[in-house]
Amino acid sequence: MKELEITLQRSESAVVLHAVGSVDSNTAAQLQEPLLRAAEAPTGAVELDLAEVSYMGSAGLRVLMLTAKALQKRGERLRLVNVPLHIYNLLNLAGFTSFIDIKT
Amino acid sequence: MKIEANVWQKVPGTPSVEIFPIIPKANCVSSNCYIFSAPDALVVVDPGARPEQTRQISRVLTDALALSQRPILVFLSHCHQDHSQEAGGLELPAGIEIKRFAHQVGVEAMKHRDPNLTVAYLYPGNPGICTARFEGILFPSSPASEPRALELADGGRIELHTEPIAMPDGATLQRQWLHLGDGNRLEIYHTPGHSPCSISLRVGSLLMLGDLPFAANPGVCGLDGWNHADLLQTLRKVDWLLETPDITVCCPGHGYCVSAQSMREKLRLMEAEASNLTDVPLLDAERISALKIYVDELLEETAALFTIFSGRLYTVSYYLSLLEEDSAASRVLATLDIDRIDSILSDFRRIAEMFNNSAVPEWTVVLKGVQVARSLQQVLSAEHVQQLLDFSLVDRAQRRLEDFLSVVRGLQFLQTEQPGAVNELIAQILVRAKSAHLGESTDFMKAAEDEQSFVEALTRRLAAHSPLRDIEFEFAPATQEANANIGAERLDDILTNLIEGMAGIGVKHIRIAAGVSSGHVEIRLSSQERMDPAAFGKPRLDLYHRTLGWLGGSLEYSQQEGNAEFIIRLPALESM
């Protein structure tokens with residue numbers, strides 16, 4: 001099973017996380033911890049780069065929803081960038097494009 | 001009585017026999033093993049195929065021999081590799097004699113290294129077929145009228161008695177038995193169907209059935225040597241055996257022992273299922289390889305459908321939270337056991353990847369696929385799931401899983417449906433797409449009078465979100481009657497999945513055109529916006545192509561300047 005690796009870049013105005021691998025029930029916690037920490041910080045945009053994510057299951061969607069909720073409390077939206085088309089397709093069909101900014 | 005693994009315990013219904021069951025996690029690589037300690041012998045039923053299990057059996061036997069020296073009698077419930085491979089591998093103290101017993105057909109198969117009857121062909125890397133000598137030939141084609149005796153080195157004898165049972169319905173249950181000392185005995189019944197060499201063994205109130213309880217399972221029925229008529233007869237005979245109060249516990253070749261009553265119920269259900277399996281094709285290596293590809297495709301399809309399900313529930317819960325309806329948000333998430341589904345699919349993905357790294361046999365992947373499909377069917381059948389989730393989506397997932405199980409069994413699922421009248425079908429899909437967000441408006445307004453009803457109606461409304469609502473459709477129906485020789489429901493599934501997939505990548509305008517030409521119905525889904533087929537996932541498109549291909553149809557994708565389209569071709573029916 002391809003594991004998940006998360007790297008983090010921090011600037012003054014944003015935190016950008018890069019994920020590499022599969023986000024499923026075995027690996028989602030690795031994404032949840034840094035993503036929620038960034039979302040629960042008092043300020044700063046949160047961006048997740050999915051260019052190298054091959055699979056995202058419902059456990060991954062749950063992490064995105066929790067992050068979006070945390071960011072919504074301070075009036076921000078989660079930004080997903082470089083989303084592979086097949087993942088974009090699922091996120092869109094699940095209705096996530098209505099509360100997360102998603103770019104392919 | 002509960003039979004526990006890895007511990008000695010008394011065998012019910014015997015004066016002095018004890019059993020030590022070894023029950024690994026159920027898999028197709030190695031079977032359970034049951035060890036019995038009787039005054040005159042130690043009996044091993046199905047050593048299995050894992051060297052570590054063989055070492056455990058050897059340790060248990062060595063300890064038992066330290067208390068009392070006895071010969072070891074090894075029996076095979078049948079000659080399949082996962083039960084027999086290690087039959088010659090036991091390591092015992094010097095001077096201990098082993099006699100091995102199996103049905104004559106199984107003994108011959110192992111002797112001639114038959115990869116088919118031993119199902120060695122299912123396992124990669126040409127695993128060794130058991131070469132040990134089998135002195136005890138059970139149910140030989142020319143049965144001995146006198147007890148057959150095996151001489152032991154210490155001058156003792158093991159007498160194998162043949163004593164068929166005349167059943168009340170006129171059938172005969174072939175039986176042999178031998179003494180285990182102190183009034184204990186081991187009975188052996190010929191129970192073919194799963195394999196011609198299948199036997200069941202009884203000690204006291206305990207009956208070991210080998211793989212009979214799985215013989216009608218998808219991925220098991222159709223293995224070399226499987227026989228439908230024999231299986232049905234055997235099921236009736238075993239049902240009769242279990243009718244007597246003498247047998248209280250049944251132990252299968254894989255998984256835990258259960259009460260005789262629950263085994264009887266299981267076998268009766270299985271008999272009903274098995275009665276339809278009249279034309280099951282041989283489950284040979286070629287068919288297993290094809291099924292493995294189908295399993296991969298199914299994995300992608302079900303993972304996508306379930307991710308959409310759970311994603312929609314998360315979306316609903318997100319909006320309910322925003323509206324400060326936190327308890328309704330939690331209830332929505334409890335509708336579907338998302339974590340369980342995700343964990344089932346993740347495990348399946350891991351097995352499929354292990355196969356791709358040659359760590360597990362193809363057959364394991366197919367059987368795992370069957371297990372996953374059955375678990376997911378169970379999850380989807382819950383009433384509250386069907387009430388909340390998009391019914392069409394749930395239905396599509398259910399059919400996909402059912403088709404998979406049928407195909408593994410070798411059944412022709414598509415011919416059981418009504419042919420599809422294409423114009424009407426497409427019109428229905430378009431009505432459904434447009435009505436998805438309009439439904440229940442009146443109910444919604446009525447519900448506003450009561451707070452709880454309002455929250456429930458709001459939840460349903462949020463859950464009814466359809467990605468198709470913003471799509472502009474243009475439909476050019478076939479100008480003549482267009483009846484496709486494919487089940488209407490499957491055609492509906494494929495069309496809906498493609499349309500949803502197009503909506504998912506942001507296509508806003510879809511043109512659907514139907515037509516008939518040279519014996520084929522053609523349906524074109526096109527868009528002037530760019531579509532990348534990668535967005536659908538190749539295995540999913542392959543799955544639709546395969547499903548259509550089974551009935552002489554096809555799915556093509558073409559992208560020409562300014563126009564991208566899917567072309568579905570189906571054999572036409574002359575008249576309905």
# chains A, B, ... in the order shown; residues from 1 in each chain; ligands from 1
call {"tool": "residues_around", "arguments": {"residues": "Glu47 in chain A", "least_positions_apart": "6", "cutoff": "7 Å", "atoms": "only C-alpha atoms", "output": "ChimeraX atom specification"}}
result
/A:15-17,78-80
call {"tool": "residues_around", "arguments": {"residues": "Ala29 in chain A", "least_positions_apart": "2", "cutoff": "12 Å", "atoms": "only C-alpha atoms", "output": "list in words"}}
result
Glu3, Leu4, Glu5, Ile6, Ser22, Val23, Asp24, Ser25, Asn26, Thr27, Leu31, Gln32, Glu33, Pro34, Leu35, Leu36, Ala59, Gly60, Leu61, Arg62, Val63, Leu64 and Leu66 of chain A
call {"tool": "select_by_dssp", "arguments": {"residues": "range 156-257 of chain B", "states": "strand (DSSP E)", "output": "number ranges by chain"}}
result
B: 157-162, 165-166, 172-173, 175-181, 184-190, 199-203, 206-210, 249-252
call {"tool": "write_last_selection", "arguments": {"atoms": "C-alpha atoms", "output": "mmCIF file, in the first residue's frame"}}
result
data_model
loop_
_atom_site.group_PDB
_atom_site.id
_atom_site.type_symbol
_atom_site.label_atom_id
_atom_site.label_comp_id
_atom_site.auth_asym_id
_atom_site.auth_seq_id
_atom_site.Cartn_x
_atom_site.Cartn_y
_atom_site.Cartn_z
ATOM 1 C CA ARG B 157 -4.149 -52.916 13.414
ATOM 2 C CA ILE B 158 -6.438 -50.145 12.253
ATOM 3 C CA GLU B 159 -9.625 -51.629 10.885
ATOM 4 C CA LEU B 160 -11.633 -49.530 8.479
ATOM 5 C CA HIS B 161 -15.258 -50.666 8.447
ATOM 6 C CA THR B 162 -17.572 -49.962 5.539
ATOM 7 C CA ILE B 165 -26.510 -45.861 5.748
ATOM 8 C CA ALA B 166 -29.873 -46.431 4.055
ATOM 9 C CA THR B 172 -27.590 -44.207 0.478
ATOM 10 C CA LEU B 173 -25.071 -42.297 2.528
ATOM 11 C CA ARG B 175 -20.054 -44.404 5.496
ATOM 12 C CA GLN B 176 -16.835 -45.863 6.854
ATOM 13 C CA TRP B 177 -15.642 -45.878 10.443
ATOM 14 C CA LEU B 178 -12.793 -46.928 12.680
ATOM 15 C CA HIS B 179 -12.234 -47.439 16.404
ATOM 16 C CA LEU B 180 -10.276 -44.840 18.347
ATOM 17 C CA GLY B 181 -10.229 -46.938 21.541
ATOM 18 C CA ASN B 184 -14.768 -43.892 20.790
ATOM 19 C CA ARG B 185 -15.011 -43.990 17.024
ATOM 20 C CA LEU B 186 -14.413 -41.864 13.963
ATOM 21 C CA GLU B 187 -17.072 -41.951 11.251
ATOM 22 C CA ILE B 188 -16.407 -40.862 7.683
ATOM 23 C CA TYR B 189 -19.119 -39.941 5.163
ATOM 24 C CA HIS B 190 -18.656 -39.433 1.434
ATOM 25 C CA ILE B 199 -15.651 -36.351 2.938
ATOM 26 C CA SER B 200 -17.153 -35.302 6.245
ATOM 27 C CA LEU B 201 -15.855 -36.711 9.515
ATOM 28 C CA ARG B 202 -17.661 -37.230 12.775
ATOM 29 C CA VAL B 203 -16.273 -37.728 16.267
ATOM 30 C CA LEU B 206 -18.954 -33.058 16.316
ATOM 31 C CA LEU B 207 -19.138 -33.071 12.511
ATOM 32 C CA MET B 208 -16.366 -31.705 10.301
ATOM 33 C CA LEU B 209 -17.681 -30.685 6.908
ATOM 34 C CA GLY B 210 -14.558 -29.511 5.092
ATOM 35 C CA VAL B 249 -21.463 -28.911 16.627
ATOM 36 C CA CYS B 250 -20.290 -28.437 13.032
ATOM 37 C CA CYS B 251 -16.751 -27.461 12.161
ATOM 38 C CA PRO B 252 -16.027 -26.069 8.682
#
call {"tool": "closest_residue", "arguments": {"among": "A:Leu93, A:Ile87, A:Ala68, A:Val20", "to": "Val53 in chain A", "atoms": "only C-alpha atoms"}}
result
A:Val20
call {"tool": "select_by_dssp", "arguments": {"residues": "range 416-554 of chain B", "states": "alpha helix (DSSP H)", "output": "JSON, numbers by chain"}}
result
{"B": [422, 423, 424, 425, 426, 427, 428, 429, 430, 431, 432, 433, 434, 435, 441, 442, 443, 444, 445, 446, 447, 451, 452, 453, 454, 455, 456, 457, 458, 459, 460, 461, 462, 463, 488, 489, 490, 491, 492, 493, 494, 495, 496, 497, 498, 499, 500, 501, 502, 503, 504, 538, 539, 540, 541, 542, 543, 544, 545, 546, 547, 548, 549]}
call {"tool": "write_last_selection", "arguments": {"atoms": "C-alpha atoms", "output": "compact mmCIF listing (two decimals), in the first residue's frame"}}
result
# COMPACT_ATOMS: atom_id res chain seq x y z
CA VAL B 422 -33.80 3.67 -25.78
CA ASN B 423 -35.86 6.83 -26.47
CA GLU B 424 -38.10 6.27 -23.46
CA LEU B 425 -35.15 5.38 -21.25
CA ILE B 426 -33.21 8.55 -22.05
CA ALA B 427 -36.35 10.64 -21.58
CA GLN B 428 -36.78 9.08 -18.12
CA ILE B 429 -33.18 9.84 -17.16
CA LEU B 430 -33.66 13.48 -18.15
CA VAL B 431 -36.89 13.75 -16.16
CA ARG B 432 -35.14 12.25 -13.15
CA ALA B 433 -32.20 14.65 -13.51
CA LYS B 434 -34.45 17.68 -13.55
CA SER B 435 -36.82 16.52 -10.84
CA SER B 441 -41.25 21.24 -2.22
CA THR B 442 -44.75 20.95 -0.86
CA ASP B 443 -43.67 18.55 1.87
CA PHE B 444 -40.89 20.94 2.76
CA MET B 445 -43.26 23.82 3.26
CA LYS B 446 -45.72 21.72 5.24
CA ALA B 447 -42.90 20.48 7.45
CA GLU B 451 -39.42 21.96 14.15
CA GLN B 452 -38.33 18.33 14.03
CA SER B 453 -40.16 17.60 10.77
CA PHE B 454 -38.59 20.71 9.30
CA VAL B 455 -35.07 19.57 10.17
CA GLU B 456 -35.80 16.14 8.69
CA ALA B 457 -37.21 17.66 5.50
CA LEU B 458 -34.24 20.01 5.31
CA THR B 459 -31.88 17.06 5.66
CA ARG B 460 -33.64 15.16 2.86
CA ARG B 461 -33.57 18.24 0.68
CA LEU B 462 -29.87 18.77 1.22
CA ALA B 463 -29.23 15.07 0.58
CA ALA B 488 -32.89 -1.43 -19.46
CA GLU B 489 -31.57 -1.07 -15.90
CA ARG B 490 -27.93 -1.69 -16.84
CA LEU B 491 -28.17 0.67 -19.78
CA ASP B 492 -29.73 3.26 -17.47
CA ASP B 493 -26.84 2.72 -15.00
CA ILE B 494 -24.16 3.20 -17.64
CA LEU B 495 -25.81 6.26 -19.17
CA THR B 496 -26.44 7.86 -15.78
CA ASN B 497 -22.88 7.19 -14.64
CA LEU B 498 -21.47 8.77 -17.80
CA ILE B 499 -23.78 11.78 -17.56
CA GLU B 500 -22.93 12.25 -13.87
CA GLY B 501 -19.25 11.88 -14.63
CA MET B 502 -19.53 14.60 -17.29
CA ALA B 503 -21.32 16.82 -14.78
CA GLY B 504 -18.63 16.02 -12.23
CA LYS B 538 -9.90 4.14 -16.79
CA PRO B 539 -11.06 1.04 -14.87
CA ARG B 540 -14.58 2.48 -14.62
CA LEU B 541 -14.80 3.10 -18.36
CA ASP B 542 -13.34 -0.36 -18.95
CA LEU B 543 -16.08 -1.79 -16.74
CA TYR B 544 -18.84 -0.14 -18.80
CA HIS B 545 -17.17 -1.29 -22.00
CA ARG B 546 -16.94 -4.83 -20.62
CA THR B 547 -20.58 -4.87 -19.47
CA LEU B 548 -21.72 -3.67 -22.90
CA GLY B 549 -19.33 -6.08 -24.60
call {"tool": "closest_atom_pairs", "arguments": {"of": "chain A", "to": "chain B", "cutoff": "7 Å", "atoms": "only C-alpha atoms", "output": "JSON lines"}}
result
{"residue": "A:Met1", "atom": "CA", "partner": "B:Arg350", "partner_atom": "CA", "distance": 5.6}
{"residue": "A:Asp24", "atom": "CA", "partner": "B:Ser346", "partner_atom": "CA", "distance": 6.4}
{"residue": "A:Ser25", "atom": "CA", "partner": "B:Ser343", "partner_atom": "CA", "distance": 5.7}
{"residue": "A:Gly57", "atom": "CA", "partner": "B:Thr307", "partner_atom": "CA", "distance": 5.7}
{"residue": "A:Ser58", "atom": "CA", "partner": "B:Thr307", "partner_atom": "CA", "distance": 4.9}
{"residue": "A:Ala59", "atom": "CA", "partner": "B:Asp342", "partner_atom": "CA", "distance": 6.6}
{"residue": "A:Leu61", "atom": "CA", "partner": "B:Gly311", "partner_atom": "CA", "distance": 6.2}
{"residue": "A:Arg62", "atom": "CA", "partner": "B:Tyr314", "partner_atom": "CA", "distance": 6.7}
{"residue": "A:Met65", "atom": "CA", "partner": "B:Tyr314", "partner_atom": "CA", "distance": 6.6}
{"residue": "A:Lys69", "atom": "CA", "partner": "B:Tyr318", "partner_atom": "CA", "distance": 7.0}
{"residue": "A:Leu85", "atom": "CA", "partner": "B:Ala535", "partner_atom": "CA", "distance": 4.5}
{"residue": "A:His86", "atom": "CA", "partner": "B:Ala535", "partner_atom": "CA", "distance": 3.9}
{"residue": "A:Tyr88", "atom": "CA", "partner": "B:Ile505", "partner_atom": "CA", "distance": 6.8}
{"residue": "A:Asn89", "atom": "CA", "partner": "B:Gly504", "partner_atom": "CA", "distance": 4.4}
{"residue": "A:Leu90", "atom": "CA", "partner": "B:Ile308", "partner_atom": "CA", "distance": 6.0}
{"residue": "A:Asn92", "atom": "CA", "partner": "B:Gly504", "partner_atom": "CA", "distance": 5.3}
{"residue": "A:Leu93", "atom": "CA", "partner": "B:Gly504", "partner_atom": "CA", "distance": 5.3}
{"residue": "A:Ala94", "atom": "CA", "partner": "B:Arg312", "partner_atom": "CA", "distance": 4.5}
{"residue": "A:Gly95", "atom": "CA", "partner": "B:Thr315", "partner_atom": "CA", "distance": 6.1}
{"residue": "A:Phe96", "atom": "CA", "partner": "B:Thr315", "partner_atom": "CA", "distance": 6.4}
call {"tool": "write_last_selection", "arguments": {"atoms": "N, CA and C atoms", "output": "mmCIF file, in the first residue's frame"}}
result
data_model
loop_
_atom_site.group_PDB
_atom_site.id
_atom_site.type_symbol
_atom_site.label_atom_id
_atom_site.label_comp_id
_atom_site.auth_asym_id
_atom_site.auth_seq_id
_atom_site.Cartn_x
_atom_site.Cartn_y
_atom_site.Cartn_z
ATOM 1 N N MET A 1 0.848 -1.194 0.000
ATOM 2 C CA MET A 1 0.000 0.000 0.000
ATOM 3 C C MET A 1 0.882 1.242 0.000
ATOM 4 N N ASP A 24 -6.663 7.237 2.459
ATOM 5 C CA ASP A 24 -7.753 6.315 2.765
ATOM 6 C C ASP A 24 -7.844 6.159 4.275
ATOM 7 N N SER A 25 -8.610 5.150 4.732
ATOM 8 C CA SER A 25 -8.838 5.062 6.179
ATOM 9 C C SER A 25 -7.546 4.772 6.945
ATOM 10 N N GLY A 57 -10.362 8.437 -0.644
ATOM 11 C CA GLY A 57 -11.600 7.775 -0.246
ATOM 12 C C GLY A 57 -12.378 8.657 0.710
ATOM 13 N N SER A 58 -13.451 8.085 1.283
ATOM 14 C CA SER A 58 -14.323 8.915 2.116
ATOM 15 C C SER A 58 -13.614 9.403 3.374
ATOM 16 N N ALA A 59 -12.626 8.651 3.876
ATOM 17 C CA ALA A 59 -11.896 9.130 5.062
ATOM 18 C C ALA A 59 -11.187 10.450 4.730
ATOM 19 N N LEU A 61 -12.261 12.610 2.463
ATOM 20 C CA LEU A 61 -13.310 13.629 2.346
ATOM 21 C C LEU A 61 -13.719 14.144 3.721
ATOM 22 N N ARG A 62 -13.719 13.223 4.688
ATOM 23 C CA ARG A 62 -14.084 13.625 6.058
ATOM 24 C C ARG A 62 -13.092 14.664 6.587
ATOM 25 N N MET A 65 -13.803 17.953 5.041
ATOM 26 C CA MET A 65 -15.014 18.570 5.608
ATOM 27 C C MET A 65 -14.711 19.181 6.976
ATOM 28 N N LYS A 69 -14.934 23.101 8.000
ATOM 29 C CA LYS A 69 -15.745 23.595 9.116
ATOM 30 C C LYS A 69 -14.916 24.493 10.038
ATOM 31 N N LEU A 85 -8.067 15.116 -11.971
ATOM 32 C CA LEU A 85 -9.438 15.179 -12.497
ATOM 33 C C LEU A 85 -10.381 14.144 -11.883
ATOM 34 N N HIS A 86 -9.872 12.923 -11.666
ATOM 35 C CA HIS A 86 -10.792 11.900 -11.143
ATOM 36 C C HIS A 86 -11.197 12.207 -9.699
ATOM 37 N N TYR A 88 -11.307 15.415 -8.533
ATOM 38 C CA TYR A 88 -12.177 16.588 -8.703
ATOM 39 C C TYR A 88 -13.605 16.130 -9.013
ATOM 40 N N ASN A 89 -13.699 15.144 -9.896
ATOM 41 C CA ASN A 89 -14.995 14.599 -10.299
ATOM 42 C C ASN A 89 -15.798 14.141 -9.073
ATOM 43 N N LEU A 90 -15.150 13.358 -8.195
ATOM 44 C CA LEU A 90 -15.855 12.847 -7.015
ATOM 45 C C LEU A 90 -16.228 13.977 -6.057
ATOM 46 N N ASN A 92 -16.788 17.047 -6.717
ATOM 47 C CA ASN A 92 -17.868 17.824 -7.310
ATOM 48 C C ASN A 92 -19.203 17.085 -7.163
ATOM 49 N N LEU A 93 -19.185 15.778 -7.484
ATOM 50 C CA LEU A 93 -20.427 14.999 -7.386
ATOM 51 C C LEU A 93 -20.915 14.899 -5.943
ATOM 52 N N ALA A 94 -19.965 14.962 -5.003
ATOM 53 C CA ALA A 94 -20.349 14.886 -3.584
ATOM 54 C C ALA A 94 -20.811 16.237 -3.053
ATOM 55 N N GLY A 95 -20.687 17.280 -3.849
ATOM 56 C CA GLY A 95 -21.169 18.597 -3.419
ATOM 57 C C GLY A 95 -20.117 19.438 -2.710
ATOM 58 N N PHE A 96 -18.859 19.000 -2.700
ATOM 59 C CA PHE A 96 -17.816 19.715 -1.953
ATOM 60 C C PHE A 96 -17.428 21.050 -2.588
#
call {"tool": "residues_around", "arguments": {"residues": "range 64-76 of chain B", "least_positions_apart": "4", "cutoff": "9 Å", "atoms": "only C-alpha atoms", "output": "ChimeraX atom specification"}}
result
/B:37-47,59-60,80,83-84,87,93,96-103,106,136,152,198-199,201,210
call {"tool": "residues_around", "arguments": {"residues": "Leu555 in chain B", "least_positions_apart": "3", "cutoff": "7 Å", "atoms": "only C-alpha atoms", "output": "compact mmCIF listing (two decimals) with N, CA and C atoms, in the first residue's frame"}}
result
# COMPACT_ATOMS: atom_id res chain seq x y z
N HIS B 545 -17.46 -0.68 -20.70
CA HIS B 545 -17.17 -1.29 -22.00
C HIS B 545 -17.35 -2.81 -21.91
N PHE B 566 -18.95 10.35 -26.03
CA PHE B 566 -18.98 8.92 -25.75
C PHE B 566 -19.99 8.32 -26.73
N ILE B 567 -19.59 7.19 -27.33
CA ILE B 567 -20.51 6.52 -28.26
C ILE B 567 -20.79 5.12 -27.71
N ILE B 568 -22.06 4.87 -27.41
CA ILE B 568 -22.46 3.55 -26.94
C ILE B 568 -23.14 2.84 -28.11
N ARG B 569 -22.66 1.66 -28.44
CA ARG B 569 -23.33 0.87 -29.49
C ARG B 569 -23.88 -0.39 -28.86
call {"tool": "residues_around", "arguments": {"residues": "Glu52 in chain A", "least_positions_apart": "2", "cutoff": "10 Å", "atoms": "only C-alpha atoms", "output": "PyMOL selection string"}}
result
chain A and resi 4-5+18-22+49-50+54-55+82-84
call {"tool": "residues_around", "arguments": {"residues": "Phe355 in chain B", "least_positions_apart": "5", "cutoff": "9 Å", "atoms": "only C-alpha atoms", "output": "PyMOL selection string"}}
result
chain B and resi 350+360-362+364-365
